Each structure stands twice: as C-alpha cells, then as structure tokens.
file protein_5.pdb (PDB, C-alpha atoms, pLDDT in the B column)
ATOM      1  CA  MET A   1      81.376 101.881 109.293  1.00 42.00           C
ATOM      2  CA  SER A   2      82.154 104.349 112.029  1.00 41.00           C
ATOM      3  CA  ALA A   3      85.314 102.560 113.054  1.00 41.00           C
ATOM      4  CA  MET A   4      86.857 100.714 110.183  1.00 50.00           C
ATOM      5  CA  GLU A   5      90.200  99.208 110.963  1.00 53.00           C
ATOM      6  CA  SER A   6      90.833  96.786 108.148  1.00 79.00           C
ATOM      7  CA  ARG A   7      93.510  95.715 105.731  1.00 86.00           C
ATOM      8  CA  TRP A   8      90.911  96.273 102.999  1.00 93.00           C
ATOM      9  CA  PHE A   9      90.212  99.999 103.559  1.00 93.00           C
ATOM     10  CA  ARG A  10      92.228 103.195 103.923  1.00 93.00           C
ATOM     11  CA  ARG A  11      91.018 106.487 105.327  1.00 91.00           C
ATOM     12  CA  PHE A  12      93.163 109.522 104.411  1.00 91.00           C
ATOM     13  CA  GLU A  13      91.151 112.237 106.143  1.00 83.00           C
ATOM     14  CA  SER A  14      89.593 112.440 109.594  1.00 74.00           C
ATOM     15  CA  ALA A  15      85.973 112.344 108.446  1.00 65.00           C
ATOM     16  CA  GLU A  16      84.514 109.491 110.470  1.00 64.00           C
ATOM     17  CA  ARG A  17      81.602 111.712 111.476  1.00 69.00           C
ATOM     18  CA  GLY A  18      80.669 112.417 107.882  1.00 73.00           C
ATOM     19  CA  GLU A  19      76.989 111.882 107.160  1.00 80.00           C
ATOM     20  CA  ILE A  20      77.727 109.272 104.526  1.00 90.00           C
ATOM     21  CA  ALA A  21      80.611 106.929 103.763  1.00 91.00           C
ATOM     22  CA  LEU A  22      81.883 106.680 100.189  1.00 95.00           C
ATOM     23  CA  ILE A  23      83.606 103.362  99.475  1.00 96.00           C
ATOM     24  CA  CYS A  24      86.016 103.927  96.545  1.00 97.00           C
ATOM     25  CA  PHE A  25      87.326 101.147  94.295  1.00 98.00           C
ATOM     26  CA  PRO A  26      90.582 101.799  92.343  1.00 96.00           C
ATOM     27  CA  HIS A  27      91.345 101.152  88.684  1.00 95.00           C
ATOM     28  CA  ALA A  28      93.524  98.333  87.309  1.00 92.00           C
ATOM     29  CA  GLY A  29      97.016  98.645  88.738  1.00 89.00           C
ATOM     30  CA  GLY A  30      95.764 101.291  91.133  1.00 91.00           C
ATOM     31  CA  ALA A  31      95.843 101.433  94.905  1.00 93.00           C
ATOM     32  CA  ALA A  32      93.848 103.127  97.639  1.00 95.00           C
ATOM     33  CA  SER A  33      96.036 106.238  97.303  1.00 93.00           C
ATOM     34  CA  ALA A  34      94.391 106.930  93.934  1.00 94.00           C
ATOM     35  CA  TYR A  35      91.589 108.479  95.998  1.00 96.00           C
ATOM     36  CA  LEU A  36      93.737 110.664  98.228  1.00 95.00           C
ATOM     37  CA  GLY A  37      92.767 113.833  96.359  1.00 95.00           C
ATOM     38  CA  LEU A  38      89.060 113.017  96.277  1.00 96.00           C
ATOM     39  CA  SER A  39      89.154 112.141  99.970  1.00 95.00           C
ATOM     40  CA  ARG A  40      90.584 115.564 100.812  1.00 94.00           C
ATOM     41  CA  ALA A  41      88.126 117.324  98.537  1.00 94.00           C
ATOM     42  CA  LEU A  42      85.098 115.647 100.145  1.00 94.00           C
ATOM     43  CA  ALA A  43      86.138 115.815 103.813  1.00 90.00           C
ATOM     44  CA  PRO A  44      84.716 116.274 106.359  1.00 88.00           C
ATOM     45  CA  ASP A  45      81.132 115.855 105.119  1.00 88.00           C
ATOM     46  CA  ILE A  46      81.742 112.632 103.195  1.00 92.00           C
ATOM     47  CA  ASP A  47      83.921 109.940 104.718  1.00 91.00           C
ATOM     48  CA  VAL A  48      85.990 108.386 101.917  1.00 94.00           C
ATOM     49  CA  LEU A  49      87.159 104.822 102.525  1.00 93.00           C
ATOM     50  CA  ALA A  50      89.408 103.639  99.693  1.00 96.00           C
ATOM     51  CA  VAL A  51      89.639  99.928  98.990  1.00 96.00           C
ATOM     52  CA  GLN A  52      93.157  98.515  99.151  1.00 96.00           C
ATOM     53  CA  TYR A  53      93.329  95.439  96.940  1.00 96.00           C
ATOM     54  CA  PRO A  54      95.986  92.815  97.731  1.00 95.00           C
ATOM     55  CA  GLY A  55      99.316  93.028  95.910  1.00 92.00           C
ATOM     56  CA  ARG A  56      99.983  96.779  96.159  1.00 90.00           C
ATOM     57  CA  GLN A  57     101.500  99.344  98.511  1.00 89.00           C
ATOM     58  CA  ASP A  58     101.252  98.088 102.094  1.00 90.00           C
ATOM     59  CA  ARG A  59      99.693  94.832 100.827  1.00 93.00           C
ATOM     60  CA  ARG A  60     102.358  94.249  98.178  1.00 90.00           C
ATOM     61  CA  LEU A  61     103.541  90.992  99.758  1.00 90.00           C
ATOM     62  CA  GLU A  62     100.090  89.453  99.359  1.00 93.00           C
ATOM     63  CA  PRO A  63      99.258  87.795  96.036  1.00 92.00           C
ATOM     64  CA  ALA A  64      97.020  89.897  93.826  1.00 91.00           C
ATOM     65  CA  LEU A  65      93.581  88.442  93.167  1.00 93.00           C
ATOM     66  CA  THR A  66      92.920  87.343  89.604  1.00 91.00           C
ATOM     67  CA  SER A  67      89.116  87.381  89.698  1.00 95.00           C
ATOM     68  CA  LEU A  68      86.999  90.530  89.899  1.00 96.00           C
ATOM     69  CA  THR A  69      84.136  88.623  91.500  1.00 95.00           C
ATOM     70  CA  HIS A  70      86.528  87.265  94.138  1.00 95.00           C
ATOM     71  CA  MET A  71      87.639  90.851  94.847  1.00 96.00           C
ATOM     72  CA  ALA A  72      84.003  91.899  95.152  1.00 96.00           C
ATOM     73  CA  ARG A  73      83.114  89.047  97.482  1.00 94.00           C
ATOM     74  CA  ALA A  74      86.106  89.808  99.721  1.00 94.00           C
ATOM     75  CA  VAL A  75      85.048  93.452 100.027  1.00 94.00           C
ATOM     76  CA  ALA A  76      81.403  92.496 100.618  1.00 92.00           C
ATOM     77  CA  GLU A  77      82.365  90.063 103.365  1.00 90.00           C
ATOM     78  CA  GLU A  78      84.419  92.806 105.019  1.00 90.00           C
ATOM     79  CA  LEU A  79      81.583  95.318 104.838  1.00 88.00           C
ATOM     80  CA  VAL A  80      79.005  93.048 106.482  1.00 80.00           C
ATOM     81  CA  LEU A  81      81.225  92.822 109.573  1.00 71.00           C
ATOM     82  CA  VAL A  82      81.216  96.529 110.403  1.00 66.00           C
ATOM     83  CA  PRO A  83      78.492  98.786 111.879  1.00 61.00           C
ATOM     84  CA  GLN A  84      76.264 100.208 109.187  1.00 70.00           C
ATOM     85  CA  ARG A  85      75.569 103.823 108.339  1.00 79.00           C
ATOM     86  CA  PRO A  86      74.510 105.385 105.036  1.00 88.00           C
ATOM     87  CA  TYR A  87      77.054 104.540 102.352  1.00 92.00           C
ATOM     88  CA  ALA A  88      77.646 104.773  98.613  1.00 95.00           C
ATOM     89  CA  PHE A  89      80.126 103.242  96.172  1.00 97.00           C
ATOM     90  CA  PHE A  90      82.452 104.950  93.700  1.00 98.00           C
ATOM     91  CA  GLY A  91      84.389 102.777  91.260  1.00 98.00           C
ATOM     92  CA  HIS A  92      86.670 103.923  88.454  1.00 97.00           C
ATOM     93  CA  SER A  93      87.488 101.755  85.409  1.00 95.00           C
ATOM     94  CA  MET A  94      88.110  98.215  86.714  1.00 95.00           C
ATOM     95  CA  GLY A  95      86.888  99.511  90.065  1.00 97.00           C
ATOM     96  CA  ALA A  96      83.466 100.223  88.549  1.00 97.00           C
ATOM     97  CA  ILE A  97      82.993  96.517  87.894  1.00 97.00           C
ATOM     98  CA  VAL A  98      84.225  95.538  91.353  1.00 98.00           C
ATOM     99  CA  ALA A  99      81.902  98.118  92.951  1.00 97.00           C
ATOM    100  CA  TYR A 100      78.954  96.866  90.895  1.00 97.00           C
ATOM    101  CA  GLU A 101      79.635  93.211  91.701  1.00 97.00           C
ATOM    102  CA  THR A 102      80.072  94.090  95.391  1.00 96.00           C
ATOM    103  CA  ALA A 103      76.662  95.785  95.349  1.00 95.00           C
ATOM    104  CA  ARG A 104      75.147  92.698  93.719  1.00 94.00           C
ATOM    105  CA  ILE A 105      76.590  90.458  96.423  1.00 93.00           C
ATOM    106  CA  LEU A 106      75.462  92.752  99.239  1.00 91.00           C
ATOM    107  CA  SER A 107      71.928  92.735  97.815  1.00 88.00           C
ATOM    108  CA  GLU A 108      71.808  89.053  98.817  1.00 83.00           C
ATOM    109  CA  PHE A 109      72.159  90.007 102.495  1.00 80.00           C
ATOM    110  CA  ASP A 110      69.511  91.540 104.747  1.00 73.00           C
ATOM    111  CA  LEU A 111      71.385  94.841 104.989  1.00 75.00           C
ATOM    112  CA  PRO A 112      70.684  98.447 104.007  1.00 78.00           C
ATOM    113  CA  THR A 113      71.557  98.947 100.363  1.00 84.00           C
ATOM    114  CA  ALA A 114      73.960 101.566  99.059  1.00 90.00           C
ATOM    115  CA  HIS A 115      72.595 105.095  98.807  1.00 92.00           C
ATOM    116  CA  ARG A 116      74.010 105.326  95.277  1.00 96.00           C
ATOM    117  CA  LEU A 117      76.452 103.597  92.974  1.00 97.00           C
ATOM    118  CA  ILE A 118      78.799 105.925  91.052  1.00 98.00           C
ATOM    119  CA  LEU A 119      80.400 104.152  88.089  1.00 98.00           C
ATOM    120  CA  SER A 120      83.258 105.961  86.383  1.00 97.00           C
ATOM    121  CA  GLY A 121      85.363 105.385  83.280  1.00 95.00           C
ATOM    122  CA  ARG A 122      83.848 102.046  82.328  1.00 95.00           C
ATOM    123  CA  GLY A 123      81.209 100.798  79.931  1.00 94.00           C
ATOM    124  CA  ALA A 124      78.348  98.602  81.048  1.00 93.00           C
ATOM    125  CA  PRO A 125      79.303  94.956  81.611  1.00 90.00           C
ATOM    126  CA  SER A 126      78.524  92.260  79.087  1.00 81.00           C
ATOM    127  CA  THR A 127      78.835  88.507  78.692  1.00 71.00           C
ATOM    128  CA  SER A 128      81.909  88.930  76.471  1.00 75.00           C
ATOM    129  CA  PRO A 129      85.135  90.765  77.367  1.00 72.00           C
ATOM    130  CA  LYS A 130      86.084  94.121  75.904  1.00 78.00           C
ATOM    131  CA  ALA A 131      88.913  93.963  73.383  1.00 75.00           C
ATOM    132  CA  THR A 132      90.945  96.432  75.452  1.00 77.00           C
ATOM    133  CA  ASP A 133      90.755  94.084  78.455  1.00 81.00           C
ATOM    134  CA  ARG A 134      92.444  91.193  76.644  1.00 80.00           C
ATOM    135  CA  ILE A 135      96.057  92.272  76.377  1.00 83.00           C
ATOM    136  CA  ASP A 136      98.783  89.771  75.564  1.00 82.00           C
ATOM    137  CA  GLY A 137     102.308  90.392  76.857  1.00 86.00           C
ATOM    138  CA  ASP A 138     104.042  93.051  78.925  1.00 84.00           C
ATOM    139  CA  ALA A 139     104.918  95.274  75.957  1.00 86.00           C
ATOM    140  CA  ALA A 140     101.276  95.546  74.897  1.00 87.00           C
ATOM    141  CA  LEU A 141     100.208  96.077  78.497  1.00 84.00           C
ATOM    142  CA  ILE A 142     102.700  98.901  79.031  1.00 85.00           C
ATOM    143  CA  ALA A 143     101.667 100.510  75.735  1.00 86.00           C
ATOM    144  CA  GLU A 144      98.003 100.432  76.788  1.00 86.00           C
ATOM    145  CA  ILE A 145      98.732 101.988  80.178  1.00 83.00           C
ATOM    146  CA  ARG A 146     100.716 104.777  78.501  1.00 84.00           C
ATOM    147  CA  ARG A 147      97.855 105.385  76.069  1.00 83.00           C
ATOM    148  CA  LEU A 148      95.380 105.813  78.904  1.00 83.00           C
ATOM    149  CA  GLY A 149      97.635 108.154  80.908  1.00 79.00           C
ATOM    150  CA  GLY A 150      97.284 108.719  84.638  1.00 67.00           C
ATOM    151  CA  THR A 151      99.884 108.369  87.360  1.00 61.00           C
ATOM    152  CA  THR A 152     100.588 104.707  86.621  1.00 64.00           C
ATOM    153  CA  GLY A 153     101.892 105.710  83.200  1.00 60.00           C
ATOM    154  CA  ARG A 154     104.565 107.865  84.816  1.00 67.00           C
ATOM    155  CA  VAL A 155     105.562 104.987  87.083  1.00 73.00           C
ATOM    156  CA  LEU A 156     106.398 102.962  83.974  1.00 75.00           C
ATOM    157  CA  ASP A 157     109.308 105.316  83.224  1.00 78.00           C
ATOM    158  CA  ASP A 158     111.167 104.102  86.318  1.00 79.00           C
ATOM    159  CA  PRO A 159     112.596 100.576  85.800  1.00 79.00           C
ATOM    160  CA  GLU A 160     112.549  99.752  89.518  1.00 81.00           C
ATOM    161  CA  LEU A 161     108.972 100.921  89.990  1.00 80.00           C
ATOM    162  CA  LEU A 162     107.967  99.165  86.791  1.00 80.00           C
ATOM    163  CA  GLU A 163     109.284  95.894  88.170  1.00 82.00           C
ATOM    164  CA  MET A 164     107.175  96.431  91.285  1.00 81.00           C
ATOM    165  CA  VAL A 165     103.887  97.274  89.540  1.00 83.00           C
ATOM    166  CA  LEU A 166     103.996  94.864  86.593  1.00 87.00           C
ATOM    167  CA  PRO A 167     102.839  91.792  88.578  1.00 89.00           C
ATOM    168  CA  THR A 168      99.814  93.709  89.812  1.00 90.00           C
ATOM    169  CA  LEU A 169      99.019  95.054  86.343  1.00 90.00           C
ATOM    170  CA  ARG A 170      99.271  91.540  84.902  1.00 91.00           C
ATOM    171  CA  ALA A 171      96.927  90.190  87.573  1.00 93.00           C
ATOM    172  CA  ASP A 172      94.397  93.005  87.190  1.00 93.00           C
ATOM    173  CA  TYR A 173      94.280  92.823  83.419  1.00 92.00           C
ATOM    174  CA  GLY A 174      94.073  89.050  83.656  1.00 92.00           C
ATOM    175  CA  ALA A 175      91.052  89.505  85.919  1.00 94.00           C
ATOM    176  CA  LEU A 176      89.518  91.980  83.465  1.00 92.00           C
ATOM    177  CA  GLY A 177      90.106  89.643  80.534  1.00 91.00           C
ATOM    178  CA  SER A 178      88.461  86.704  82.287  1.00 92.00           C
ATOM    179  CA  TYR A 179      85.489  88.619  83.698  1.00 93.00           C
ATOM    180  CA  ARG A 180      82.084  87.624  82.355  1.00 92.00           C
ATOM    181  CA  TRP A 181      78.916  89.338  83.401  1.00 93.00           C
ATOM    182  CA  LEU A 182      76.300  86.864  84.609  1.00 93.00           C
ATOM    183  CA  PRO A 183      72.719  88.035  83.982  1.00 92.00           C
ATOM    184  CA  GLY A 184      70.642  88.649  87.082  1.00 92.00           C
ATOM    185  CA  PRO A 185      68.086  91.017  88.594  1.00 92.00           C
ATOM    186  CA  PRO A 186      68.902  94.714  88.176  1.00 94.00           C
ATOM    187  CA  LEU A 187      69.983  96.578  91.269  1.00 95.00           C
ATOM    188  CA  ASP A 188      67.449  98.584  93.238  1.00 94.00           C
ATOM    189  CA  ILE A 189      70.009 101.370  93.658  1.00 95.00           C
ATOM    190  CA  PRO A 190      70.259 104.697  91.773  1.00 96.00           C
ATOM    191  CA  LEU A 191      73.243 104.809  89.440  1.00 97.00           C
ATOM    192  CA  THR A 192      75.338 107.785  88.408  1.00 97.00           C
ATOM    193  CA  VAL A 193      77.677 107.181  85.489  1.00 98.00           C
ATOM    194  CA  MET A 194      80.722 109.423  85.029  1.00 98.00           C
ATOM    195  CA  VAL A 195      82.953 109.444  81.962  1.00 97.00           C
ATOM    196  CA  GLY A 196      85.547 111.577  80.227  1.00 96.00           C
ATOM    197  CA  ALA A 197      84.244 113.067  76.980  1.00 96.00           C
ATOM    198  CA  SER A 198      87.507 112.078  75.233  1.00 94.00           C
ATOM    199  CA  ASP A 199      87.997 108.674  76.852  1.00 94.00           C
ATOM    200  CA  PRO A 200      89.714 106.534  74.168  1.00 92.00           C
ATOM    201  CA  ILE A 201      88.172 103.264  75.377  1.00 91.00           C
ATOM    202  CA  VAL A 202      84.778 104.227  76.866  1.00 94.00           C
ATOM    203  CA  PRO A 203      82.380 106.038  74.518  1.00 93.00           C
ATOM    204  CA  VAL A 204      79.673 107.958  76.350  1.00 94.00           C
ATOM    205  CA  ASP A 205      76.936 105.783  74.821  1.00 93.00           C
ATOM    206  CA  GLU A 206      78.663 102.666  76.096  1.00 93.00           C
ATOM    207  CA  ALA A 207      78.899 104.149  79.581  1.00 95.00           C
ATOM    208  CA  ARG A 208      75.217 105.076  79.458  1.00 95.00           C
ATOM    209  CA  GLY A 209      74.429 101.356  79.134  1.00 95.00           C
ATOM    210  CA  TRP A 210      74.970 101.031  82.894  1.00 96.00           C
ATOM    211  CA  LEU A 211      71.568 102.639  83.505  1.00 96.00           C
ATOM    212  CA  ALA A 212      69.836  99.461  82.325  1.00 95.00           C
ATOM    213  CA  HIS A 213      71.334  97.638  85.319  1.00 96.00           C
ATOM    214  CA  SER A 214      69.112  99.397  87.866  1.00 96.00           C
ATOM    215  CA  THR A 215      65.385  99.709  88.448  1.00 95.00           C
ATOM    216  CA  ARG A 216      65.908 103.288  89.647  1.00 95.00           C
ATOM    217  CA  PRO A 217      66.314 106.420  87.529  1.00 93.00           C
ATOM    218  CA  GLY A 218      69.969 107.315  86.957  1.00 95.00           C
ATOM    219  CA  ASP A 219      72.084 109.917  85.237  1.00 95.00           C
ATOM    220  CA  VAL A 220      75.222 110.309  83.137  1.00 97.00           C
ATOM    221  CA  VAL A 221      77.767 113.052  83.845  1.00 97.00           C
ATOM    222  CA  THR A 222      80.537 113.831  81.351  1.00 97.00           C
ATOM    223  CA  PHE A 223      83.761 115.698  82.078  1.00 97.00           C
ATOM    224  CA  ASP A 224      86.438 117.209  79.882  1.00 96.00           C
ATOM    225  CA  GLY A 225      89.348 114.809  79.548  1.00 94.00           C
ATOM    226  CA  GLY A 226      90.208 111.217  78.801  1.00 93.00           C
ATOM    227  CA  HIS A 227      90.188 107.995  80.760  1.00 93.00           C
ATOM    228  CA  PHE A 228      91.768 109.576  83.833  1.00 92.00           C
ATOM    229  CA  TYR A 229      89.704 112.754  83.774  1.00 95.00           C
ATOM    230  CA  LEU A 230      89.539 112.399  87.575  1.00 92.00           C
ATOM    231  CA  ASP A 231      93.048 113.790  87.964  1.00 87.00           C
ATOM    232  CA  ALA A 232      92.482 116.975  85.967  1.00 90.00           C
ATOM    233  CA  GLN A 233      88.847 117.580  86.933  1.00 94.00           C
ATOM    234  CA  LEU A 234      89.034 116.833  90.660  1.00 96.00           C
ATOM    235  CA  PRO A 235      87.079 119.932  91.887  1.00 95.00           C
ATOM    236  CA  SER A 236      84.302 119.288  89.364  1.00 96.00           C
ATOM    237  CA  VAL A 237      84.200 115.589  90.216  1.00 97.00           C
ATOM    238  CA  ALA A 238      83.987 116.378  93.936  1.00 96.00           C
ATOM    239  CA  ASP A 239      81.126 118.812  93.285  1.00 96.00           C
ATOM    240  CA  ALA A 240      79.297 116.183  91.231  1.00 96.00           C
ATOM    241  CA  VAL A 241      79.754 113.562  93.929  1.00 96.00           C
ATOM    242  CA  ARG A 242      78.448 115.937  96.574  1.00 95.00           C
ATOM    243  CA  SER A 243      75.451 116.717  94.414  1.00 94.00           C
ATOM    244  CA  VAL A 244      74.410 113.131  93.742  1.00 94.00           C
ATOM    245  CA  LEU A 245      74.924 112.183  97.399  1.00 93.00           C
ATOM    246  CA  GLY A 246      72.775 115.079  98.544  1.00 86.00           C
ATOM    247  CA  GLN A 247      75.577 116.903 100.318  1.00 69.00           C
ATOM    248  CA  PRO A 248      76.034 120.689 100.148  1.00 59.00           C
ATOM    249  CA  ALA A 249      78.665 122.091  97.832  1.00 59.00           C
ATOM    250  CA  VAL A 250      81.752 123.717  99.346  1.00 54.00           C
ATOM    251  CA  VAL A 251      81.699 127.508  98.960  1.00 46.00           C
TER     252      VAL A 251
END
call {"tool": "encode", "arguments": {"input": "protein_5.pdb", "output": "structure tokens"}}
result
Amino acid sequence: MSAMESRWFRRFESAERGEIALICFPHAGGAASAYLGLSRALAPDIDVLAVQYPGRQDRRLEPALTSLTHMARAVAEELVLVPQRPYAFFGHSMGAIVAYETARILSEFDLPTAHRLILSGRGAPSTSPKATDRIDGDAALIAEIRRLGGTTGRVLDDPELLEMVLPTLRADYGALGSYRWLPGPPLDIPLTVMVGASDPIVPVDEARGWLAHSTRPGDVVTFDGGHFYLDAQLPSVADAVRSVLGQPAVV
C-alpha cells in the first residue's frame, strides 16, 4: 500500500512511510473526508487511507452501491492489487460492517491479514436487521440523522446540500436495511470495539458482542459522547488507536 492511487481511497496527510496503514470506512451518508481529522492526528506514524464509496464528493456522479457486501468486495478487490505492508481497519457505524465484511473476504485470499480490526459505533451483526436500519421515507430518515448528530445533520439544514446528500443516504440506509449477516468462521484478527457511552442506538453490551466474531482476545473502549463521539473526542480516539496499533503516543 505504499503507493495507492485509486478512486477508492483518499490520503489527506503525507504519511506514506508510516509503519502501518489504517484503512478507514465511513458511516452511512459519510465520505472519506469524515476521517480528515483522524488522519491529521495520526500522521506521520500511521498512514490513514480513507475509503471513498461511490456516490459522494468526487465520486458523486457514480451510482451509490446498495449492498454492504458489494461495497466490501469492491474494497477487498482493490486492496489485493496493491503492494502489501502492515495494515489495520477502522470502521464507524455502517463502516464497521463494511470493514468487517472486507476482512472476511480478504481472509479467503492468501494474503497477510489485518493487524487489527477497530469497530466503532455499531453493534455486532446478526441475521436480522436492526430496527434503526429500516427507515421508511425521507422524513423519517432526516429525523434519524438529526437524532444521531454529526456533520451530516448540519448539512440537512441547507436545502441544496440536502438535495445532494439524500440519494446517498437513501442508498446507504437501504443497504443497511437489507444487510443480513451470514454465519461463518470467526476472524483470526484481534478486535477493538469503540463506542460512545451515550450512543442512542448502540448500547455498550451490544457493541461488546463483536468480540465473539474473532478467535483472538479483544477489548472494548468507551468514550464520552453519543453516536458521533469521534468528533468531540478526537484526541482521545487518536491515542486509543495508537495504543491498540502499538504506536507511541504523541507527547
């Protein structure tokens, strides 16, 4: 991954010589820029490569994908084409599922596995959809986004921006609503689960359920804040990421 020129990944900081690459998967309605702050906080020791899903920002003219497993397979196919170095995944909310499914797909290939999988703001997957993933109609969708907060909620106050992001939100929530976890072997990758202590849709116990999806010991880290605790707790999140990836803290 030393030279990744791809429509699927964005690098915001010059950290190509970082000891480990962190592939970051955005939330529903989110884009690669959601990880701009984390990228800056982790550079230059950790090289953040943010996934850019179709249908947003510089890929806005491409149709958004409506299947999380199709997203995961597209990312996995992109990753197998580039030179390998130590890497880890970080996925927030919807991105946690896409990161997990990408890791499952990559485990089918004869490639080095991820150093660690960091799963944020999402409960463990199940064979039935979460109630908060099955949202009917734009009004209900907008209300849910406002309830969760984050930068996307502020975008909804601008009618022109709202018109731009609604198709992507519809597609992403459609993908969430249709996602079904298919049982299979647990990953042989350590998992770190991160969650906001006041997240209105992800209780800590539900997030802890991720640990059953790996044969390795894992841990759960809670932060003050709600679903988008990442925004308010960025320094603490960066420190936690450095710690679990075995990188020295910034002093």
call {"tool": "residues_around", "arguments": {"input": "protein_5.pdb", "residues": "stretch 208-225 of chain A", "least_positions_apart": "5", "cutoff": "10 Å", "atoms": "all atoms listed in the file", "output": "number ranges by chain"}}
result
A: 100, 116-126, 183-200, 202-203, 230-233, 236-237, 240, 244
call {"tool": "resolve_selection", "arguments": {"input": "protein_5.pdb", "expression": "the PyMOL selection byres ((chain A and resi 40) around 12)", "output": "number ranges by chain"}}
result
A: 11-15, 33-39, 41-49, 234-235, 238
call {"tool": "resolve_selection", "arguments": {"input": "protein_5.pdb", "expression": "the PyMOL selection byres ((chain A and resi 178) around 12)", "output": "list in words"}}
result
Thr66, Ser67, Leu68, Thr69, Ser126, Thr127, Ser128, Pro129, Lys130, Ala131, Asp133, Arg134, Ile135, Ala171, Asp172, Tyr173, Gly174, Ala175, Leu176, Gly177, Tyr179, Arg180 and Trp181 of chain A
call {"tool": "write_last_selection", "arguments": {"input": "protein_5.pdb", "atoms": "C-alpha atoms", "output": "JSON list (two decimals), in the frame of the given file"}}
result
[["chain", "number", "residue", "atom", "x", "y", "z"],
["A", 66, "THR", "CA", 92.92, 87.34, 89.60],
["A", 67, "SER", "CA", 89.12, 87.38, 89.70],
["A", 68, "LEU", "CA", 87.00, 90.53, 89.90],
["A", 69, "THR", "CA", 84.14, 88.62, 91.50],
["A", 126, "SER", "CA", 78.52, 92.26, 79.09],
["A", 127, "THR", "CA", 78.83, 88.51, 78.69],
["A", 128, "SER", "CA", 81.91, 88.93, 76.47],
["A", 129, "PRO", "CA", 85.14, 90.76, 77.37],
["A", 130, "LYS", "CA", 86.08, 94.12, 75.90],
["A", 131, "ALA", "CA", 88.91, 93.96, 73.38],
["A", 133, "ASP", "CA", 90.76, 94.08, 78.46],
["A", 134, "ARG", "CA", 92.44, 91.19, 76.64],
["A", 135, "ILE", "CA", 96.06, 92.27, 76.38],
["A", 171, "ALA", "CA", 96.93, 90.19, 87.57],
["A", 172, "ASP", "CA", 94.40, 93.00, 87.19],
["A", 173, "TYR", "CA", 94.28, 92.82, 83.42],
["A", 174, "GLY", "CA", 94.07, 89.05, 83.66],
["A", 175, "ALA", "CA", 91.05, 89.50, 85.92],
["A", 176, "LEU", "CA", 89.52, 91.98, 83.46],
["A", 177, "GLY", "CA", 90.11, 89.64, 80.53],
["A", 179, "TYR", "CA", 85.49, 88.62, 83.70],
["A", 180, "ARG", "CA", 82.08, 87.62, 82.36],
["A", 181, "TRP", "CA", 78.92, 89.34, 83.40]]
call {"tool": "closest_residue", "arguments": {"input": "protein_5.pdb", "among": "A:Ala32, A:Leu169, A:Gln57, A:Gly95", "to": "A:Ala139", "atoms": "only C-alpha atoms"}}
result
A:Leu169
call {"tool": "atom_distance", "arguments": {"input": "protein_5.pdb", "atom1": "atom CA of A:Gly30", "atom2": "atom CA of A:Val98"}}
result
12.9 Å
call {"tool": "residues_around", "arguments": {"input": "protein_5.pdb", "residues": "A:Glu108", "least_positions_apart": "4", "cutoff": "12 Å", "atoms": "only C-alpha atoms", "output": "PyMOL selection string"}}
result
chain A and resi 73+76-77+80+101-104+112-113+184-185+187-188
call {"tool": "atom_distance", "arguments": {"input": "protein_5.pdb", "atom1": "atom CA of A:Leu156", "atom2": "atom CA of A:Ala50"}}
result
23.2 Å
